[in-house]
Amino acid sequence: MGHVDVTLPDGGTQQLGAGLSLSDLVRQIDADLDGRVVAARLDGEGVDLSTVPPAGAKVELVLMDSREGLSILRHSTAHLMAAAVQELYPEAKFAIGPPVEDGFYYDIDLPRPVSVEDLPVIEERMRVLQAQRLPYVRVEMPVDEALGLMKARGQTYKVEILETIRRHGTSRPDAVEELGGEAEAGGVVSFYQTHSFLDLCRGPHVPDTSFLRTFKLTHIAGAYWRGNERNPMLTRLYGTAFPTQEALERHLYRLEEAKRRDHRRVGRELDLFSIEEEIGPGLVLWHPKGALIREIIETFWRREHRRRGYQLVYTPHVARAHLWDVSGHLSWYQENMFSGMEIEGQEYLVKPMNCPFHILIYRSHTRSYRDLPFRLGELGTVYRYERSGVLHGLLRVRGFTQDDAHIFCRPEQLESEVADALELALAMLRAFGFPEHHLVLSVSDPNQMAKYAGSEEEWRRAESALERVLEKSGIAFDRVKGEAAFYGPKIDVSLVDVLGRWWQCGTIQVDFNMPDRFDLGYIGEDGRSHRPLMVHRALLGSLERFFGILIEHHGGAFPLWLAPVQVAILPVAERHEPYAQHVAERLDAAGVRVQIDDRNEKVGYRIRQAEVTKVPYIVVVGDREVEAHLVSVRERGRHERGAMPLETLLDELREMVHPPGTGSAL
RNA sequence: GCCGGCGUAGCUCAGUGGUAGAGCAGCUGAUUCGUAAUCAGCAGGUCGGGAGUUCAACUCUCCCCGCCGGCUCCA
């Protein structure tokens, strides 16, 4: 018997007896790895462990707890779930069942509706199957044969997928370019057999069900076939799987943590905002404490913008239909606009965006090149019709205030304007406690230049200006082709919150369309009229949404400068109230937001109240403090710091109660 | 919008066809208290809205409103 030499990722080689599989290789390398390796990569291609490697192959083992291994584990679990569903519902038709961020799902066309009560039944069936140590057997066959097989089994969705594959050589024709062509039309496809469930699937999979450790079916949702609402609605069964019980428990804990921080819950508990059915969905009431935080955010925002040469404006909430016709909103945005109202025979529409108003301010005078860059900022409230199913607390609403600005500049000023806007965006986010960001550059699709406003030359210059800004920033960014709006390329800024979630907030967009539509101009050094460039930008996005994110990030325990009540003062008994009043006045004079809690309750009760409402500082004053002119300080989160002179506390608070700086101002 | 679930007091939730309940919050009183809930009493609900079935509906049916989880992260 001969043997083959395989190369391992560490550069070493292993000899493997001819005809032996990768499973044998794993056992040969280290018996401890057996069961922890779920699949392998052969020369970069994912394969099952049952594969027999050819001589000279480069082998990488995929461990269960790696990102890739976890996906395979979940994907295999999705097949197990499908096998269980097929047993319980023989007429079920299967669509797709991929692994996702937190687990996996399978979209299934079921003969009757199922609810969460059915999940334990399916899960139980899965456990029975799992215990049988069923193998995942790979079967390859020509596309035509596969089509015949799936047609015979009535698996209409699989038939559709196979027809796409036959036509395009891949299941996703739009991705052909990225994948570099993939298989030739009329090629071979693979199936995986688990118990009686045979599924069209590229793989790889774990060798058998004993590799699956701990899984849980989580919820059910509807999902359109191929995400298109003209297609039939399928039942999507969600589940998750992990290599260990502890990992599953960590995941469940994280979900609970997210629930604890949910801004809808915290917003109610801390009395920050509400959304009332009588007013309408997606329309927000800012209660006094929430409004106070918003006011602090807005004041900070205005200060930072003035420092950087923005001029702040106010504009109306409605405008004549004609304006929206000129701006083009009526033709490409009308379905998102609140319907119009008629006044004196004229139709008026509620604004979904602020740009036309800012443009008219620009156009209200003849502008000279000396006026540029001309930066207009506004906390502008807009209304947009969002479909009822997508509304979500403060994060997706119908009425919201954008921290909007429009910059009119000369082409040669574009790069520095975008750089300044990006710098401001990042500085603002850092100030609110978000040090980590993600940047995405969206550029045109060179194959579809016809659909874009502006010339190819303008696009090329703008895109390279944005790209240079990003490169100089030193922050990693993704460049996505074809994601630009028809009117110009853009940079999107996402923040990363304490739970590691990404939230897109900021956006900086070049616009080649509006200046043309409104025929904007400026007089250049040559005395002739030129078209200015226009940049739309928002940093926080919308105040409503940003507030929601901020609540969840801090779990309601806002940093000192944002806390609606910064210091709670608790007199131990009635006779200490005059002293409490004195302390409050001193703090108030230093710009600290204080509240005396002199309710007829024990100190412990009031401390609990202050802790529960996330007040950052608690000051207790009783006989000892009155006598020695001290304050007893306690910080949010159970730190009792003992008595200190009022001056000491004042010194500590004086700086921190105010908004932070944002570094380099212009 | 669509699929599934939910809607009882300000909040969290019991109540499976026969006179609407609890805890917290609120109000009143007592207590004057030292670092995460003092005690007692009172008040609070067209059971999301409307129609129907029934001797009788929070409970069963239908319509509407709202909320929650989702609606292509490559077969």
# chains A, B, ... in the order shown; residues from 1 in each chain; ligands from 1
>>> interface_residues(of="chain B", to="chain A", cutoff="7 Å", atoms="only C-alpha atoms (C1' of nucleotides)", output="short mmCIF file (atom, residue, chain, number, x, y, z; two decimals) with all heavy atoms, in the first residue's frame")
data_model
loop_
_atom_site.label_atom_id
_atom_site.label_comp_id
_atom_site.auth_asym_id
_atom_site.auth_seq_id
_atom_site.Cartn_x
_atom_site.Cartn_y
_atom_site.Cartn_z
P G B 1 -50.71 47.68 7.71
OP1 G B 1 -51.27 46.88 8.76
OP2 G B 1 -49.55 48.54 7.86
"O5'" G B 1 -50.42 46.74 6.45
"C5'" G B 1 -51.16 46.90 5.24
"C4'" G B 1 -50.53 46.04 4.19
"O4'" G B 1 -49.17 46.49 3.96
"C3'" G B 1 -50.38 44.57 4.59
"O3'" G B 1 -51.54 43.86 4.20
"C2'" G B 1 -49.17 44.12 3.79
"O2'" G B 1 -49.52 43.85 2.44
"C1'" G B 1 -48.30 45.38 3.81
N9 G B 1 -47.34 45.41 4.91
C8 G B 1 -47.35 46.28 5.97
N7 G B 1 -46.35 46.10 6.80
C5 G B 1 -45.64 45.04 6.24
C6 G B 1 -44.45 44.40 6.70
O6 G B 1 -43.81 44.66 7.71
N1 G B 1 -44.07 43.37 5.85
C2 G B 1 -44.74 43.02 4.71
N2 G B 1 -44.22 42.00 4.02
N3 G B 1 -45.84 43.60 4.27
C4 G B 1 -46.23 44.60 5.08
P C B 3 -51.39 37.19 6.09
OP1 C B 3 -52.38 36.26 5.53
OP2 C B 3 -51.81 38.26 7.02
"O5'" C B 3 -50.26 36.34 6.80
"C5'" C B 3 -49.77 35.14 6.20
"C4'" C B 3 -48.69 34.55 7.06
"O4'" C B 3 -47.57 35.46 7.12
"C3'" C B 3 -49.07 34.35 8.52
"O3'" C B 3 -49.80 33.16 8.72
"C2'" C B 3 -47.70 34.31 9.19
"O2'" C B 3 -47.09 33.06 9.00
"C1'" C B 3 -46.94 35.36 8.39
N1 C B 3 -46.96 36.70 9.03
C2 C B 3 -46.01 36.97 10.03
O2 C B 3 -45.19 36.08 10.32
N3 C B 3 -46.00 38.18 10.63
C4 C B 3 -46.91 39.10 10.28
N4 C B 3 -46.86 40.28 10.90
C5 C B 3 -47.89 38.85 9.28
C6 C B 3 -47.88 37.64 8.69
P G B 4 -50.92 33.10 9.89
OP1 G B 4 -51.61 31.81 9.74
OP2 G B 4 -51.67 34.36 9.89
"O5'" G B 4 -50.05 33.05 11.23
"C5'" G B 4 -49.38 31.85 11.59
"C4'" G B 4 -48.49 32.11 12.78
"O4'" G B 4 -47.51 33.13 12.44
"C3'" G B 4 -49.17 32.68 14.01
"O3'" G B 4 -49.84 31.69 14.77
"C2'" G B 4 -47.98 33.27 14.76
"O2'" G B 4 -47.22 32.26 15.38
"C1'" G B 4 -47.17 33.86 13.60
N9 G B 4 -47.53 35.28 13.40
C8 G B 4 -48.38 35.82 12.46
N7 G B 4 -48.49 37.13 12.57
C5 G B 4 -47.68 37.45 13.63
C6 G B 4 -47.39 38.70 14.22
O6 G B 4 -47.82 39.83 13.91
N1 G B 4 -46.51 38.58 15.30
C2 G B 4 -45.97 37.41 15.74
N2 G B 4 -45.14 37.48 16.78
N3 G B 4 -46.22 36.23 15.19
C4 G B 4 -47.08 36.32 14.15
P U B 32 -41.16 58.78 65.52
OP1 U B 32 -40.41 58.52 66.77
OP2 U B 32 -42.18 59.86 65.46
"O5'" U B 32 -40.12 59.09 64.35
"C5'" U B 32 -39.01 58.23 64.12
"C4'" U B 32 -37.95 58.98 63.33
"O4'" U B 32 -38.55 59.46 62.09
"C3'" U B 32 -37.40 60.22 64.05
"O3'" U B 32 -36.03 60.36 63.74
"C2'" U B 32 -38.15 61.37 63.38
"O2'" U B 32 -37.43 62.58 63.38
"C1'" U B 32 -38.30 60.86 61.96
N1 U B 32 -39.43 61.46 61.25
C2 U B 32 -39.13 62.29 60.18
O2 U B 32 -38.00 62.53 59.82
N3 U B 32 -40.21 62.85 59.57
C4 U B 32 -41.54 62.65 59.89
O4 U B 32 -42.40 63.24 59.24
C5 U B 32 -41.77 61.79 61.00
C6 U B 32 -40.72 61.22 61.63
P C B 33 -34.92 59.62 64.53
OP1 C B 33 -35.56 58.81 65.58
OP2 C B 33 -33.85 60.57 64.86
"O5'" C B 33 -34.38 58.68 63.35
"C5'" C B 33 -34.13 57.32 63.64
"C4'" C B 33 -34.37 56.49 62.40
"O4'" C B 33 -35.68 56.79 61.85
"C3'" C B 33 -33.37 56.66 61.28
"O3'" C B 33 -32.97 55.37 60.83
"C2'" C B 33 -34.16 57.30 60.17
"O2'" C B 33 -33.72 56.96 58.89
"C1'" C B 33 -35.55 56.74 60.44
N1 C B 33 -36.68 57.45 59.82
C2 C B 33 -37.90 56.77 59.72
O2 C B 33 -38.00 55.63 60.17
N3 C B 33 -38.96 57.38 59.14
C4 C B 33 -38.80 58.61 58.65
N4 C B 33 -39.88 59.16 58.10
C5 C B 33 -37.59 59.32 58.76
C6 C B 33 -36.55 58.70 59.34
P G B 34 -31.54 54.86 61.27
OP1 G B 34 -31.57 53.38 61.22
OP2 G B 34 -31.10 55.56 62.48
"O5'" G B 34 -30.65 55.37 60.05
"C5'" G B 34 -30.95 54.92 58.74
"C4'" G B 34 -29.69 54.96 57.92
"O4'" G B 34 -29.16 56.30 57.93
"C3'" G B 34 -28.57 54.06 58.45
"O3'" G B 34 -27.80 53.65 57.33
"C2'" G B 34 -27.74 55.00 59.29
"O2'" G B 34 -26.39 54.64 59.40
"C1'" G B 34 -27.85 56.29 58.45
N9 G B 34 -27.66 57.52 59.23
C8 G B 34 -28.27 57.86 60.39
N7 G B 34 -27.90 59.03 60.84
C5 G B 34 -26.99 59.48 59.89
C6 G B 34 -26.25 60.67 59.83
O6 G B 34 -26.27 61.63 60.61
N1 G B 34 -25.43 60.72 58.71
C2 G B 34 -25.34 59.73 57.77
N2 G B 34 -24.50 59.94 56.77
N3 G B 34 -26.03 58.60 57.81
C4 G B 34 -26.82 58.55 58.89
P U B 35 -27.28 52.11 57.23
OP1 U B 35 -28.28 51.23 57.85
OP2 U B 35 -25.89 52.11 57.69
"O5'" U B 35 -27.29 51.83 55.67
"C5'" U B 35 -28.53 51.85 54.95
"C4'" U B 35 -28.24 52.09 53.49
"O4'" U B 35 -27.85 53.48 53.33
"C3'" U B 35 -27.09 51.25 52.94
"O3'" U B 35 -27.37 50.96 51.58
"C2'" U B 35 -25.91 52.21 52.99
"O2'" U B 35 -24.90 51.92 52.06
"C1'" U B 35 -26.60 53.52 52.66
N1 U B 35 -25.89 54.72 53.12
C2 U B 35 -25.23 55.46 52.15
O2 U B 35 -25.23 55.14 50.99
N3 U B 35 -24.58 56.57 52.62
C4 U B 35 -24.55 57.02 53.91
O4 U B 35 -23.95 58.05 54.17
C5 U B 35 -25.26 56.19 54.85
C6 U B 35 -25.89 55.10 54.43
P A B 36 -27.70 49.50 51.06
OP1 A B 36 -28.24 48.72 52.19
OP2 A B 36 -26.55 49.01 50.28
"O5'" A B 36 -28.88 49.79 50.03
"C5'" A B 36 -30.09 50.43 50.45
"C4'" A B 36 -31.25 49.83 49.69
"O4'" A B 36 -31.01 50.05 48.27
"C3'" A B 36 -31.39 48.32 49.86
"O3'" A B 36 -32.77 47.99 49.74
"C2'" A B 36 -30.64 47.75 48.68
"O2'" A B 36 -31.09 46.49 48.25
"C1'" A B 36 -30.95 48.81 47.60
N9 A B 36 -29.91 48.90 46.58
C8 A B 36 -28.59 49.16 46.75
N7 A B 36 -27.91 49.17 45.63
C5 A B 36 -28.86 48.89 44.67
C6 A B 36 -28.78 48.75 43.27
N6 A B 36 -27.65 48.89 42.59
N1 A B 36 -29.92 48.48 42.61
C2 A B 36 -31.05 48.34 43.31
N3 A B 36 -31.26 48.45 44.61
C4 A B 36 -30.11 48.72 45.23
P A B 37 -33.49 47.26 50.96
OP1 A B 37 -32.73 47.63 52.17
OP2 A B 37 -33.71 45.85 50.63
"O5'" A B 37 -34.91 47.95 51.00
"C5'" A B 37 -35.12 49.31 50.71
"C4'" A B 37 -36.61 49.58 50.77
"O4'" A B 37 -37.18 49.33 49.46
"C3'" A B 37 -37.39 48.67 51.72
"O3'" A B 37 -38.59 49.33 52.09
"C2'" A B 37 -37.73 47.49 50.84
"O2'" A B 37 -38.84 46.77 51.27
"C1'" A B 37 -38.04 48.21 49.52
N9 A B 37 -37.78 47.40 48.34
C8 A B 37 -36.72 46.57 48.08
N7 A B 37 -36.77 46.01 46.91
C5 A B 37 -37.96 46.49 46.36
C6 A B 37 -38.59 46.27 45.14
N6 A B 37 -38.08 45.48 44.19
N1 A B 37 -39.75 46.89 44.90
C2 A B 37 -40.23 47.69 45.85
N3 A B 37 -39.74 47.99 47.05
C4 A B 37 -38.59 47.34 47.24
P G B 66 -52.98 50.82 13.67
OP1 G B 66 -52.36 52.07 13.19
OP2 G B 66 -53.00 49.61 12.83
"O5'" G B 66 -52.32 50.43 15.07
"C5'" G B 66 -52.17 51.40 16.09
"C4'" G B 66 -51.80 50.72 17.39
"O4'" G B 66 -52.83 49.76 17.74
"C3'" G B 66 -50.53 49.88 17.35
"O3'" G B 66 -49.37 50.67 17.47
"C2'" G B 66 -50.75 48.98 18.56
"O2'" G B 66 -50.51 49.69 19.76
"C1'" G B 66 -52.25 48.69 18.44
N9 G B 66 -52.51 47.43 17.72
C8 G B 66 -52.97 47.27 16.44
N7 G B 66 -53.10 46.02 16.10
C5 G B 66 -52.69 45.31 17.23
C6 G B 66 -52.60 43.91 17.46
O6 G B 66 -52.88 42.98 16.69
N1 G B 66 -52.12 43.63 18.73
C2 G B 66 -51.78 44.57 19.66
N2 G B 66 -51.34 44.11 20.83
N3 G B 66 -51.85 45.88 19.46
C4 G B 66 -52.32 46.17 18.23
P G B 69 -39.58 43.07 18.84
OP1 G B 69 -38.28 43.29 19.48
OP2 G B 69 -40.07 44.00 17.80
"O5'" G B 69 -39.61 41.61 18.22
"C5'" G B 69 -39.29 40.49 19.03
"C4'" G B 69 -39.43 39.24 18.22
"O4'" G B 69 -40.83 38.99 17.95
"C3'" G B 69 -38.80 39.31 16.84
"O3'" G B 69 -37.42 39.08 16.90
"C2'" G B 69 -39.57 38.22 16.09
"O2'" G B 69 -39.08 36.94 16.42
"C1'" G B 69 -40.97 38.38 16.68
N9 G B 69 -41.83 39.24 15.85
C8 G B 69 -42.02 40.59 15.97
N7 G B 69 -42.85 41.08 15.07
C5 G B 69 -43.22 39.97 14.33
C6 G B 69 -44.11 39.86 13.21
O6 G B 69 -44.76 40.76 12.66
N1 G B 69 -44.19 38.55 12.75
C2 G B 69 -43.52 37.49 13.29
N2 G B 69 -43.73 36.30 12.71
N3 G B 69 -42.70 37.57 14.33
C4 G B 69 -42.60 38.83 14.79
P G B 70 -36.45 39.71 15.78
OP1 G B 70 -35.08 39.24 16.08
OP2 G B 70 -36.71 41.15 15.58
"O5'" G B 70 -37.01 38.90 14.54
"C5'" G B 70 -36.76 39.22 13.25
"C4'" G B 70 -37.47 38.18 12.40
"O4'" G B 70 -38.87 38.13 12.77
"C3'" G B 70 -37.47 38.53 10.93
"O3'" G B 70 -36.28 38.07 10.33
"C2'" G B 70 -38.70 37.79 10.44
"O2'" G B 70 -38.44 36.42 10.30
"C1'" G B 70 -39.66 38.01 11.61
N9 G B 70 -40.45 39.25 11.47
C8 G B 70 -40.28 40.42 12.17
N7 G B 70 -41.13 41.34 11.82
C5 G B 70 -41.91 40.75 10.83
C6 G B 70 -42.99 41.26 10.07
O6 G B 70 -43.50 42.38 10.12
N1 G B 70 -43.49 40.33 9.18
C2 G B 70 -43.00 39.05 9.03
N2 G B 70 -43.60 38.30 8.11
N3 G B 70 -41.99 38.56 9.73
C4 G B 70 -41.49 39.45 10.61
P C B 71 -35.57 39.01 9.23
OP1 C B 71 -34.30 38.34 8.89
OP2 C B 71 -35.58 40.41 9.68
"O5'" C B 71 -36.57 38.87 8.00
"C5'" C B 71 -36.74 37.62 7.35
"C4'" C B 71 -37.77 37.76 6.28
"O4'" C B 71 -39.05 38.08 6.87
"C3'" C B 71 -37.56 38.90 5.29
"O3'" C B 71 -36.65 38.53 4.28
"C2'" C B 71 -38.95 39.11 4.74
"O2'" C B 71 -39.28 38.13 3.79
"C1'" C B 71 -39.80 38.89 5.99
N1 C B 71 -40.13 40.17 6.68
C2 C B 71 -41.24 40.89 6.24
O2 C B 71 -41.90 40.44 5.30
N3 C B 71 -41.56 42.06 6.84
C4 C B 71 -40.81 42.50 7.85
N4 C B 71 -41.16 43.66 8.41
C5 C B 71 -39.67 41.80 8.32
C6 C B 71 -39.36 40.63 7.71
P U B 72 -35.38 39.44 3.99
OP1 U B 72 -34.77 39.67 5.30
OP2 U B 72 -35.68 40.59 3.11
"O5'" U B 72 -34.48 38.42 3.18
"C5'" U B 72 -34.18 37.15 3.74
"C4'" U B 72 -33.10 36.52 2.93
"O4'" U B 72 -33.66 36.10 1.66
"C3'" U B 72 -31.95 37.46 2.53
"O3'" U B 72 -30.96 37.66 3.52
"C2'" U B 72 -31.40 36.76 1.29
"O2'" U B 72 -30.53 35.71 1.59
"C1'" U B 72 -32.66 36.20 0.67
N1 U B 72 -33.16 37.04 -0.44
C2 U B 72 -32.81 36.63 -1.71
O2 U B 72 -32.14 35.65 -1.92
N3 U B 72 -33.27 37.43 -2.71
C4 U B 72 -34.04 38.57 -2.57
O4 U B 72 -34.38 39.18 -3.56
C5 U B 72 -34.34 38.94 -1.22
C6 U B 72 -33.90 38.17 -0.22
P C B 73 -30.54 36.45 4.42
OP1 C B 73 -31.14 35.27 3.83
OP2 C B 73 -30.69 36.67 5.83
"O5'" C B 73 -29.00 36.46 4.25
"C5'" C B 73 -28.18 36.20 3.23
"C4'" C B 73 -26.88 36.56 3.85
"O4'" C B 73 -27.10 37.63 4.79
"C3'" C B 73 -26.28 35.45 4.69
"O3'" C B 73 -25.52 34.63 3.85
"C2'" C B 73 -25.43 36.20 5.68
"O2'" C B 73 -24.19 36.52 5.13
"C1'" C B 73 -26.20 37.52 5.87
N1 C B 73 -26.99 37.63 7.11
C2 C B 73 -26.30 37.70 8.33
O2 C B 73 -25.07 37.63 8.32
N3 C B 73 -27.01 37.84 9.48
C4 C B 73 -28.33 37.91 9.44
N4 C B 73 -28.98 38.05 10.59
C5 C B 73 -29.06 37.83 8.21
C6 C B 73 -28.35 37.68 7.09
P C B 74 -25.50 33.14 4.07
OP1 C B 74 -26.17 32.77 5.31
OP2 C B 74 -24.13 32.70 3.83
"O5'" C B 74 -26.39 32.66 2.85
"C5'" C B 74 -26.17 31.42 2.25
"C4'" C B 74 -26.16 31.57 0.75
"O4'" C B 74 -25.46 32.76 0.37
"C3'" C B 74 -25.40 30.47 0.05
"O3'" C B 74 -26.26 29.36 -0.16
"C2'" C B 74 -25.00 31.10 -1.27
"O2'" C B 74 -26.06 31.06 -2.19
"C1'" C B 74 -24.74 32.54 -0.84
N1 C B 74 -23.32 32.82 -0.60
C2 C B 74 -22.41 32.71 -1.67
O2 C B 74 -22.83 32.37 -2.79
N3 C B 74 -21.11 32.98 -1.45
C4 C B 74 -20.69 33.34 -0.24
N4 C B 74 -19.41 33.60 -0.07
C5 C B 74 -21.60 33.46 0.87
C6 C B 74 -22.89 33.19 0.64
P A B 75 -26.18 28.18 0.85
OP1 A B 75 -26.18 28.70 2.21
OP2 A B 75 -25.07 27.34 0.36
"O5'" A B 75 -27.54 27.42 0.59
"C5'" A B 75 -28.61 28.02 -0.11
"C4'" A B 75 -29.26 26.95 -1.00
"O4'" A B 75 -28.55 26.90 -2.23
"C3'" A B 75 -29.15 25.57 -0.37
"O3'" A B 75 -30.39 25.23 0.24
"C2'" A B 75 -28.78 24.63 -1.51
"O2'" A B 75 -29.82 23.80 -1.87
"C1'" A B 75 -28.43 25.57 -2.67
N9 A B 75 -27.06 25.33 -3.11
C8 A B 75 -25.90 25.56 -2.44
N7 A B 75 -24.83 25.21 -3.11
C5 A B 75 -25.34 24.70 -4.31
C6 A B 75 -24.74 24.16 -5.44
N6 A B 75 -23.42 24.04 -5.56
N1 A B 75 -25.53 23.75 -6.45
C2 A B 75 -26.85 23.88 -6.31
N3 A B 75 -27.54 24.38 -5.30
C4 A B 75 -26.72 24.77 -4.32
#
>>> select_by_dssp(residues="stretch 100-131 of chain A", states="strand (DSSP E or B)", output="list of chain:residue names")
A:Val100, A:Gly103, A:Phe104, A:Tyr105, A:Tyr106, A:Asp107, A:Ile108, A:Asp109
>>> residues_around(residues="A:His75", least_positions_apart="3", cutoff="7 Å", atoms="only C-alpha atoms (C1' of nucleotides)", output="number ranges by chain")
A: 71-72, 78-79, 98-99, 104
>>> residues_around(residues="stretch 19-30 of chain B", least_positions_apart="3", cutoff="12 Å", atoms="only C-alpha atoms (C1' of nucleotides)", output="PyMOL selection string")
(chain A and resi 269+600+609) or (chain B and resi 8-15+37-45+47+56+58)
>>> select_by_dssp(residues="stretch 224-382 of chain A", states="helix (DSSP H, G or I)", output="ChimeraX atom specification")
/A:225-227,245-261,263-269,288-307,321-327,329-332,334-336,355-363,369-371
>>> residues_around(residues="stretch 466-482 of chain A", least_positions_apart="6", cutoff="8 Å", atoms="only C-alpha atoms (C1' of nucleotides)", output="list in words")
Glu415, Ser416, Val418, Ala419, His438, Leu439, Val440, Leu441, Ser442, Val443, Ser444, Asp445, Pro446, Lys490 and Ile491 of chain A
>>> atom_distance(atom1="atom CA of A:Ser23", atom2="atom CA of A:Pro53")
10.5 Å
>>> atom_distance(atom1="atom CA of A:Phe211", atom2="atom CA of A:Thr244")
11.0 Å
>>> residues_around(residues="B:C62", least_positions_apart="2", cutoff="12 Å", atoms="only C-alpha atoms (C1' of nucleotides)", output="PyMOL selection string")
chain B and resi 50-53+60+64
>>> residues_around(residues="stretch 303-305 of chain A", least_positions_apart="6", cutoff="12 Å", atoms="only C-alpha atoms (C1' of nucleotides)", output="VMD selection string")
chain A and resid 296 to 297 311 to 313 375 to 379 403 to 405 420 to 421 423 to 425 427 to 428 431 538 to 539 659 to 666
